[in-house]
file my_file_28.pdb (PDB, C-alpha atoms)
ATOM      1  CA  THR A  23      42.544   6.027  33.636
ATOM      2  CA  GLY A  24      46.083   6.752  34.882
ATOM      3  CA  ASN A  25      48.716   4.716  36.666
ATOM      4  CA  LEU A  26      48.449   4.527  40.448
ATOM      5  CA  GLU A  27      51.846   5.393  41.934
ATOM      6  CA  GLY A  28      53.204   5.691  45.458
ATOM      7  CA  THR A  29      56.363   5.601  47.537
ATOM      8  CA  GLY A  30      57.579   4.017  50.729
ATOM      9  CA  SER A  31      60.927   3.825  52.445
ATOM     10  CA  VAL A  32      63.303   1.426  54.132
ATOM     11  CA  ASP A  33      65.803   2.718  56.683
ATOM     12  CA  ILE A  34      69.059   0.927  57.549
ATOM     13  CA  SER A  35      71.004   1.510  60.750
ATOM     14  CA  CYS A  36      74.323  -0.288  61.397
ATOM     15  CA  ASN A  37      76.432   0.022  64.524
ATOM     16  CA  PRO A  38      79.326  -0.239  63.897
ATOM     17  CA  ARG A  39      79.392   0.910  60.282
ATOM     18  CA  ALA A  40      79.043  -1.971  57.832
ATOM     19  CA  ALA A  41      78.658  -2.947  54.213
ATOM     20  CA  PHE A  42      75.287  -4.422  53.290
ATOM     21  CA  MET A  43      73.062  -5.535  50.440
ATOM     22  CA  MET A  44      69.251  -5.613  50.515
ATOM     23  CA  THR A  45      67.347  -7.826  48.050
ATOM     24  CA  PHE A  46      63.632  -8.205  47.294
ATOM     25  CA  SER A  47      61.723 -11.337  46.269
ATOM     26  CA  ALA A  48      59.465 -11.522  43.231
ATOM     27  CA  GLY A  49      56.414 -12.040  45.433
ATOM     28  CA  ASN A  50      53.586 -14.457  44.771
ATOM     29  CA  SER A  51      53.930 -14.167  40.979
ATOM     30  CA  ASN A  52      57.543 -15.506  41.071
ATOM     31  CA  ASN A  53      58.284 -12.973  38.335
ATOM     32  CA  PHE A  54      60.216  -9.711  38.689
ATOM     33  CA  THR A  55      58.934  -8.393  35.355
ATOM     34  CA  THR A  56      55.315  -8.261  36.488
ATOM     35  CA  ARG A  57      54.542  -8.702  40.149
ATOM     36  CA  GLN A  58      50.901  -9.457  40.930
ATOM     37  CA  LEU A  59      48.607  -8.494  43.753
ATOM     38  CA  SER A  60      45.956 -11.145  44.425
ATOM     39  CA  HIS A  61      42.353 -11.102  45.569
ATOM     40  CA  PHE A  62      41.158 -14.711  45.519
ATOM     41  CA  ALA A  63      41.506 -15.767  41.830
ATOM     42  CA  ASN A  64      41.844 -12.159  40.592
ATOM     43  CA  GLN A  65      45.257 -10.656  39.749
ATOM     44  CA  LEU A  66      46.339  -7.021  39.575
ATOM     45  CA  ASN A  67      49.734  -6.259  37.971
ATOM     46  CA  TYR A  68      52.161  -3.910  39.738
ATOM     47  CA  ASN A  69      55.851  -3.460  40.353
ATOM     48  CA  LEU A  70      58.409  -1.965  42.747
ATOM     49  CA  TYR A  71      61.274   0.240  41.586
ATOM     50  CA  ALA A  72      64.558   1.621  42.934
ATOM     51  CA  ASN A  73      64.296   4.948  41.079
ATOM     52  CA  ALA A  74      61.733   7.705  40.574
ATOM     53  CA  GLY A  75      61.742   7.129  36.792
ATOM     54  CA  MET A  76      60.528   3.590  37.533
ATOM     55  CA  THR A  77      63.010   1.966  35.178
ATOM     56  CA  LYS A  78      65.002  -0.116  37.726
ATOM     57  CA  VAL A  79      62.881  -3.003  39.038
ATOM     58  CA  LEU A  80      63.773  -4.040  42.585
ATOM     59  CA  GLY A  81      64.845  -7.657  42.870
ATOM     60  CA  ASP A  82      67.724  -9.905  43.854
ATOM     61  CA  GLY A  83      70.311  -8.633  41.363
ATOM     62  CA  THR A  84      69.522 -11.253  38.712
ATOM     63  CA  ALA A  85      67.908 -10.518  35.326
ATOM     64  CA  ASN A  86      68.947  -6.828  35.522
ATOM     65  CA  THR A  87      67.004  -6.233  38.750
ATOM     66  CA  ALA A  88      68.242  -3.628  41.238
ATOM     67  CA  VAL A  89      69.268  -4.108  44.864
ATOM     68  CA  PHE A  90      70.020  -1.561  47.555
ATOM     69  CA  ASP A  91      73.552  -1.648  48.934
ATOM     70  CA  GLY A  92      76.154   0.406  50.723
ATOM     71  CA  ASN A  93      79.683   0.327  52.160
ATOM     72  CA  ASN A  94      80.840   1.703  55.523
ATOM     73  CA  VAL A  95      77.282   2.797  56.318
ATOM     74  CA  ARG A  96      75.898   3.813  59.690
ATOM     75  CA  THR A  97      72.436   4.957  58.580
ATOM     76  CA  ARG A  98      70.796   5.207  55.193
ATOM     77  CA  SER A  99      67.282   5.622  53.872
ATOM     78  CA  PHE A 100      66.050   4.163  50.583
ATOM     79  CA  THR A 101      62.885   5.145  48.746
ATOM     80  CA  ILE A 102      60.834   2.408  47.084
ATOM     81  CA  TYR A 103      58.638   3.493  44.186
ATOM     82  CA  GLY A 104      55.525   1.521  43.287
ATOM     83  CA  ARG A 105      53.240   1.534  40.268
ATOM     84  CA  ILE A 106      49.983  -0.192  39.398
ATOM     85  CA  PRO A 107      49.502   0.263  35.638
ATOM     86  CA  ALA A 108      46.245   1.842  34.480
ATOM     87  CA  ARG A 109      43.343   0.160  32.714
ATOM     88  CA  GLN A 110      43.321  -3.199  34.466
ATOM     89  CA  ASN A 111      39.842  -4.661  34.559
ATOM     90  CA  VAL A 112      39.632  -6.446  37.912
ATOM     91  CA  ARG A 113      37.028  -7.004  40.592
ATOM     92  CA  VAL A 114      36.795  -4.630  43.524
ATOM     93  CA  GLY A 115      38.499  -6.029  46.613
ATOM     94  CA  SER A 116      41.534  -6.017  48.850
ATOM     95  CA  TYR A 117      44.583  -7.106  46.825
ATOM     96  CA  THR A 118      47.792  -8.307  48.519
ATOM     97  CA  ASP A 119      51.226  -9.722  47.771
ATOM     98  CA  ASN A 120      54.098 -10.899  49.966
ATOM     99  CA  ILE A 121      57.577  -9.529  49.274
ATOM    100  CA  LEU A 122      60.456 -11.019  51.236
ATOM    101  CA  VAL A 123      63.248  -8.521  51.946
ATOM    102  CA  ASN A 124      66.673 -10.007  52.734
ATOM    103  CA  LEU A 125      69.421  -7.938  54.332
ATOM    104  CA  TYR A 126      72.980  -9.260  53.995
ATOM    105  CA  PHE A 127      75.805  -7.669  55.997
TER     106      PHE A 127
END
call {"tool": "encode", "arguments": {"input": "my_file_28.pdb", "output": "structure tokens"}}
result
Amino acid sequence: TGNLEGTGSVDISCNPRAAFMMTFSAGNSNNFTTRQLSHFANQLNYNLYANAGMTKVLGDGTANTAVFDGNNVRTRSFTIYGRIPARQNVRVGSYTDNILVNLYF
């Protein structure tokens, strides 16, 4: 009955210190607004966020999506917040998506 939420992290280590930008693809749905996990023909909406309030959708910087970046960085850790909205009527199964993460430095 409630949203399913979780976190993960990405750690960056640069030697020597460097500026970087990390972008995220839209996944199999090709849509940053509503990413979709798939199980055969079944779809389960979800999204990934750059902040705990889950208002900044992670993406490639277009369409108001957020990226992770830094200047003169040696190490840095970023938290990724995920949410599957409640009340989706889908079949039981293992749902997956593929997100491509690009790191530019």
call {"tool": "residues_around", "arguments": {"input": "my_file_28.pdb", "residues": "Ser51 (chain A)", "least_positions_apart": "6", "cutoff": "10 Å", "atoms": "only C-alpha atoms", "output": "mmCIF file with C-alpha atoms, in the frame of the given file"}}
result
data_model
loop_
_atom_site.group_PDB
_atom_site.id
_atom_site.type_symbol
_atom_site.label_atom_id
_atom_site.label_comp_id
_atom_site.auth_asym_id
_atom_site.auth_seq_id
_atom_site.Cartn_x
_atom_site.Cartn_y
_atom_site.Cartn_z
ATOM 1 C CA ARG A 57 54.542 -8.702 40.149
ATOM 2 C CA GLN A 58 50.901 -9.457 40.930
ATOM 3 C CA LEU A 59 48.607 -8.494 43.753
ATOM 4 C CA SER A 60 45.956 -11.145 44.425
ATOM 5 C CA GLN A 65 45.257 -10.656 39.749
ATOM 6 C CA ASN A 67 49.734 -6.259 37.971
ATOM 7 C CA ASP A 119 51.226 -9.722 47.771
ATOM 8 C CA ASN A 120 54.098 -10.899 49.966
#
call {"tool": "resolve_selection", "arguments": {"input": "my_file_28.pdb", "expression": "the PyMOL selection byres ((chain A and resi 107) around 6)", "output": "list in words"}}
result
Asn25, Ile106 and Ala108 of chain A
call {"tool": "write_last_selection", "arguments": {"input": "my_file_28.pdb", "atoms": "C-alpha atoms", "output": "mmCIF file, keeping the file's coordinate frame"}}
result
data_model
loop_
_atom_site.group_PDB
_atom_site.id
_atom_site.type_symbol
_atom_site.label_atom_id
_atom_site.label_comp_id
_atom_site.auth_asym_id
_atom_site.auth_seq_id
_atom_site.Cartn_x
_atom_site.Cartn_y
_atom_site.Cartn_z
ATOM 1 C CA ASN A 25 48.716 4.716 36.666
ATOM 2 C CA ILE A 106 49.983 -0.192 39.398
ATOM 3 C CA ALA A 108 46.245 1.842 34.480
#
call {"tool": "axis_aligned_box", "arguments": {"input": "my_file_28.pdb", "around": "region 114-123 of chain A", "padding_each_side": "8 Å", "output": "JSON"}}
result
{"center_x": 50.0, "center_y": -7.8, "center_z": 47.7, "size_x": 42.5, "size_y": 22.4, "size_z": 24.4}
call {"tool": "closest_residue", "arguments": {"input": "my_file_28.pdb", "among": "A:Leu26, A:Met43, A:Ala48, A:Ala63", "to": "Asn93 (chain A)", "atoms": "all atoms listed in the file"}}
result
A:Met43
call {"tool": "resolve_selection", "arguments": {"input": "my_file_28.pdb", "expression": "the PyMOL selection byres ((chain A and resi 29) around 9)", "output": "mmCIF file with C-alpha atoms, keeping the file's coordinate frame"}}
result
data_model
loop_
_atom_site.group_PDB
_atom_site.id
_atom_site.type_symbol
_atom_site.label_atom_id
_atom_site.label_comp_id
_atom_site.auth_asym_id
_atom_site.auth_seq_id
_atom_site.Cartn_x
_atom_site.Cartn_y
_atom_site.Cartn_z
ATOM 1 C CA GLU A 27 51.846 5.393 41.934
ATOM 2 C CA GLY A 28 53.204 5.691 45.458
ATOM 3 C CA GLY A 30 57.579 4.017 50.729
ATOM 4 C CA SER A 31 60.927 3.825 52.445
ATOM 5 C CA THR A 101 62.885 5.145 48.746
ATOM 6 C CA ILE A 102 60.834 2.408 47.084
ATOM 7 C CA TYR A 103 58.638 3.493 44.186
ATOM 8 C CA GLY A 104 55.525 1.521 43.287
ATOM 9 C CA ARG A 105 53.240 1.534 40.268
#
call {"tool": "resolve_selection", "arguments": {"input": "my_file_28.pdb", "expression": "the PyMOL selection byres ((chain A and resi 77) around 12)", "output": "number ranges by chain"}}
result
A: 55, 69-76, 78-80, 86-88, 103-105
call {"tool": "atom_distance", "arguments": {"input": "my_file_28.pdb", "atom1": "CA of Phe42 (chain A)", "atom2": "CA of Thr84 (chain A)"}}
result
17.1 Å
call {"tool": "atom_distance", "arguments": {"input": "my_file_28.pdb", "atom1": "CA of Leu122 (chain A)", "atom2": "CA of Phe54 (chain A)"}}
result
12.6 Å
call {"tool": "closest_residue", "arguments": {"input": "my_file_28.pdb", "among": "A:Asn64, A:Asn94, A:Thr23, A:Ser47", "to": "Asp82 (chain A)", "atoms": "all atoms listed in the file"}}
result
A:Ser47
call {"tool": "closest_residue", "arguments": {"input": "my_file_28.pdb", "among": "A:Thr45, A:Asn37, A:Phe127, A:His61", "to": "Val112 (chain A)", "atoms": "only C-alpha atoms"}}
result
A:His61
call {"tool": "residues_around", "arguments": {"input": "my_file_28.pdb", "residues": "Ala40 (chain A)", "least_positions_apart": "5", "cutoff": "12 Å", "atoms": "only C-alpha atoms", "output": "list in words"}}
result
Ile34, Ser35, Asp91, Gly92, Asn93, Asn94, Val95, Arg96, Thr97, Arg98, Leu125, Tyr126 and Phe127 of chain A
call {"tool": "atom_distance", "arguments": {"input": "my_file_28.pdb", "atom1": "CA of Phe46 (chain A)", "atom2": "CA of Phe62 (chain A)"}}
result
23.5 Å
call {"tool": "closest_residue", "arguments": {"input": "my_file_28.pdb", "among": "A:Asn111, A:Ser99, A:Ser116, A:Asn52", "to": "Cys36 (chain A)", "atoms": "all atoms listed in the file"}}
result
A:Ser99
call {"tool": "closest_residue", "arguments": {"input": "my_file_28.pdb", "among": "A:Pro38, A:Ala85, A:Phe90, A:Asn50", "to": "Tyr117 (chain A)", "atoms": "all atoms listed in the file"}}
result
A:Asn50
call {"tool": "closest_residue", "arguments": {"input": "my_file_28.pdb", "among": "A:Asp33, A:Asn124, A:Leu66, A:Gln110", "to": "Gly81 (chain A)", "atoms": "only C-alpha atoms"}}
result
A:Asn124
